[in-house]
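Worksheet for the structure shown next.
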Amino acid sequence: MTGEDLALSGLDLPRRNGEIVFEAPWQSTVFALASAVVENALGGDREPFRQQLIAAIAADPARPYWESWTAALEAVVRAL
Amino acid sequence: MSDAHHHTAPVSPVERRVEALKDLLTERGLVPEGYIEEVTRRYESEIGPLNGAKVVARAWIDPAYRQRLLQDGTAGIGELGFGGAEGHHLVVVENTDAVHNVIVCTLCSCYPWPVLGLPPSWYKDPPYRARMVREPRVVLSEMGCDLPASTEVRVWDSSAEVRYLVLPQRPAGTDGLSEAELAALVTRDSMIGVATL
């Protein structure tokens with residue numbers, strides 16, 4: 001059996017299943033930038049970013065998630 | 001590029017910071033042309049709970065696959081072509097009449113991306129992260145998932161090394177359905193473990 005057999009009606013299921021992934025373009029941008037740094041500057045090692053994200057969330061638990069993500073990426077980039 | 005879309009909407013401080021990061025990283029050659037658009041497209045349209053739903057449906061109809069999947073989640077999920085760079089080590093935990101599993105990441109937002117896409121916003125929120133460990137049955141009930149008192153609830157805390165996926169129980173009365181029809185029944189929340197089917 002191939003993946004084609006399981007092809008469902010396009011994007012219908014993910015949408016029904018959840019909410020939109022990103023609420024604003026800057027959120028998808030900062031997500032992709034972190035991915036670029038991990039892939040192209042850290043040799044695929046996600047741990048430095050993850051540690052900064054944990055620290056950023058802990059430093060300000062009420063801050064919106066993608067803003068903590070941004071702060072974490074800034075910290076990782078400063079250390080590059 | 002974005003000039004055509006520049007209206008008078010104010011730019012928030014965080015948007016400015018993200019733009020600065022983008023400029024800096026692009027200058028350093030770390031962001032190839034089209035990279036941001038490609039990553040966004042993949043996560044918005046390709047990588048999502050549908051992948052996980054296919055894994056679950058296959059496990060429901062193929063006992064041998066189910067066994068392989070529970071023994072080695074990474075390999076079992078890889079059989080269907082999912083995994084890759086964000087794969088980490090994937091562990092599939094099976095719901096039964098006796099045990100209900102639910103996943104959380106207490107420290108940040110670790111999540112089985114290759115099979116579920118990006119996490120919903122509540123998964124990243126402090127109340128879910130803290131309370132699901134402390135009082136899972138209460139949180140589950142608040143989310144509309146009431147379990148019999150006799151069912152044991154197991155909470156799995158994701159980490160950098162290990163990501164979990166819940167294999168929900170197959171709903172009764174679905175014997176005649178095809179694999180694709182079964183996959184359509186599987187919700188994201190059931191694979192996080194905050195819902196049953």
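Residue names in the structure tokens use chain letters A, B, ... in the order shown, residue numbers from 1 in each chain, and ligand numbers from 1 in the order shown.
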
Exercise. As a PyMOL selection string, which residues of chain B does DSSP assign to alpha helix (DSSP H)?
Worked result: chain B and resi 13-27+35-41+49-61+63-71+73-79+113-116+121-124+126-134+136-142+179-183+188-192

Write a file of the just-selected residues containing C-alpha atoms, as a compact mmCIF listing (two decimals), in the first residue's frame.
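The file below, result29.txt, is the result:
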```
# COMPACT_ATOMS: atom_id res chain seq x y z
CA PRO B 13 8.00 45.62 18.81
CA VAL B 14 8.29 41.86 18.45
CA GLU B 15 7.76 42.11 14.70
CA ARG B 16 10.60 44.59 14.55
CA ARG B 17 12.85 42.22 16.53
CA VAL B 18 12.01 39.35 14.19
CA GLU B 19 12.79 41.53 11.17
CA ALA B 20 16.15 42.44 12.75
CA LEU B 21 16.92 38.75 13.34
CA LYS B 22 15.95 37.95 9.77
CA ASP B 23 18.21 40.67 8.37
CA LEU B 24 21.13 39.66 10.56
CA LEU B 25 20.87 35.94 9.81
CA THR B 26 20.36 36.56 6.10
CA GLU B 27 23.45 38.75 6.07
CA TYR B 35 13.82 29.11 3.06
CA ILE B 36 11.27 30.84 5.29
CA GLU B 37 8.49 30.39 2.74
CA GLU B 38 9.35 26.71 2.30
CA VAL B 39 9.42 25.93 6.02
CA THR B 40 6.14 27.78 6.54
CA ARG B 41 4.47 25.98 3.66
CA PRO B 49 -1.99 15.60 12.40
CA LEU B 50 -2.95 13.78 9.20
CA ASN B 51 0.40 11.97 9.32
CA GLY B 52 -0.30 10.74 12.82
CA ALA B 53 -3.83 9.75 11.82
CA LYS B 54 -2.41 7.52 9.08
CA VAL B 55 -0.10 5.84 11.59
CA VAL B 56 -3.01 5.20 13.95
CA ALA B 57 -5.29 3.82 11.22
CA ARG B 58 -2.57 1.46 10.02
CA ALA B 59 -2.01 0.23 13.58
CA TRP B 60 -5.73 -0.43 13.95
CA ILE B 61 -6.00 -2.65 10.87
CA PRO B 63 -1.72 -6.15 14.18
CA ALA B 64 1.83 -6.89 13.05
CA TYR B 65 2.41 -3.21 12.27
CA ARG B 66 0.86 -2.24 15.60
CA GLN B 67 3.33 -4.48 17.39
CA ARG B 68 6.31 -3.07 15.50
CA LEU B 69 5.06 0.46 16.16
CA LEU B 70 4.75 -0.09 19.90
CA GLN B 71 8.16 -1.73 20.07
CA GLY B 73 7.91 4.08 17.36
CA THR B 74 10.58 5.81 15.31
CA ALA B 75 10.97 2.82 12.98
CA GLY B 76 7.23 2.11 12.80
CA ILE B 77 6.43 5.71 11.91
CA GLY B 78 9.34 5.70 9.47
CA GLU B 79 7.72 2.78 7.63
CA TRP B 113 6.25 17.30 15.01
CA PRO B 114 6.66 14.74 12.22
CA VAL B 115 3.30 13.16 13.01
CA LEU B 116 1.28 15.99 14.55
CA SER B 121 -1.56 27.03 21.54
CA TRP B 122 -3.00 25.49 24.73
CA TYR B 123 -0.28 22.82 24.66
CA LYS B 124 2.29 25.61 24.99
CA PRO B 126 1.71 27.31 31.36
CA PRO B 127 -1.59 26.04 32.86
CA TYR B 128 -1.66 22.94 30.66
CA ARG B 129 2.04 22.26 31.14
CA ALA B 130 1.90 22.56 34.92
CA ARG B 131 -1.50 21.15 35.71
CA MET B 132 -1.51 18.11 33.44
CA VAL B 133 1.24 16.63 35.56
CA ARG B 134 -0.30 17.62 38.89
CA PRO B 136 -4.35 15.10 34.93
CA ARG B 137 -7.81 13.74 35.59
CA VAL B 138 -9.18 17.19 36.43
CA VAL B 139 -7.58 18.83 33.38
CA LEU B 140 -8.80 16.04 31.11
CA SER B 141 -12.31 16.43 32.47
CA GLU B 142 -12.18 20.19 31.88
CA GLU B 179 -7.93 2.48 6.31
CA ALA B 180 -8.49 5.94 4.83
CA GLU B 181 -11.93 6.19 6.41
CA LEU B 182 -10.46 5.19 9.76
CA ALA B 183 -7.70 7.80 9.46
CA ARG B 188 -5.22 15.51 16.80
CA ASP B 189 -6.47 15.73 20.38
CA SER B 190 -6.91 11.96 20.59
CA MET B 191 -3.23 11.53 19.67
CA ILE B 192 -2.20 14.01 22.36
```

For this session: Show which residues sit within 7 Å of range 143-154 of chain B, as a PyMOL selection string. Count only C-alpha atoms, and ignore same-chain residues fewer than 2 positions away.
Result: chain B and resi 97-102+139-141+156+194-196

Hey, which bits of range 101-122 of chain B sit within 12 Å of range 43-52 of chain A, and for each residue what's the closest pair of atoms and how far apart in Å (one decimal), counting only C-alpha atoms, rows by chain and increasing number, as JSON lines?
```
{"residue": "B:Cys105", "atom": "CA", "partner": "A:Arg50", "partner_atom": "CA", "distance": 11.9}
{"residue": "B:Leu107", "atom": "CA", "partner": "A:Gln51", "partner_atom": "CA", "distance": 9.3}
{"residue": "B:Cys108", "atom": "CA", "partner": "A:Arg50", "partner_atom": "CA", "distance": 7.8}
{"residue": "B:Ser109", "atom": "CA", "partner": "A:Arg50", "partner_atom": "CA", "distance": 9.0}
{"residue": "B:Cys110", "atom": "CA", "partner": "A:Arg50", "partner_atom": "CA", "distance": 8.8}
```

Exercise. From the list A:Ser28, A:Glu23, A:Leu33, A:Val77, which residue is nearest Tyr43 in chain B when using only C-alpha atoms?
Worked result: A:Ser28

For this session: Between CA of Asn95 in chain B and CA of Ile54 in chain A, measure the distance and give it in Å to one decimal.
Result: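 That distance, rounded to one decimal, is 29.4 Å.
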
Problem set entry | For chain A, the nearest of the candidates B:Pro168, B:Gly83, B:Pro112, B:Gly117, counting only C-alpha atoms |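 Nearest to chain A: B:Gly117.
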
For this session: as JSON, numbers by chain, list the residues of range 48-193 of chain B assigned to strand (DSSP E or B) by DSSP on the backbone atoms of this structure.
Result: {"B": [89, 90, 91, 92, 93, 94, 99, 100, 101, 102, 103, 104, 152, 153, 154, 155, 156, 157, 162, 163, 164, 165, 166, 167]}

Problem set entry | Test item: residues at most 7 Å from Ala56 in chain A, only C-alpha atoms, excluding those fewer than 6 positions along its chain, as a ChimeraX atom specification | /A:68,71-72

Restricted to C-alpha atoms, what would the selected residues look like written as a PDB file, in the first residue's frame?
```
ATOM      1  CA  SER A  68       9.496  33.739  24.236  1.00  0.00           C
ATOM      2  CA  ALA A  71      13.820  35.944  22.924  1.00  0.00           C
ATOM      3  CA  ALA A  72      15.320  32.452  22.854  1.00  0.00           C
TER       4      ALA A  72
END
```

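If only C-alpha atoms are the atoms counted, then among B:Val91, B:Leu185, B:Val104, B:Leu177 the closest residue to chain A is B:Leu185.
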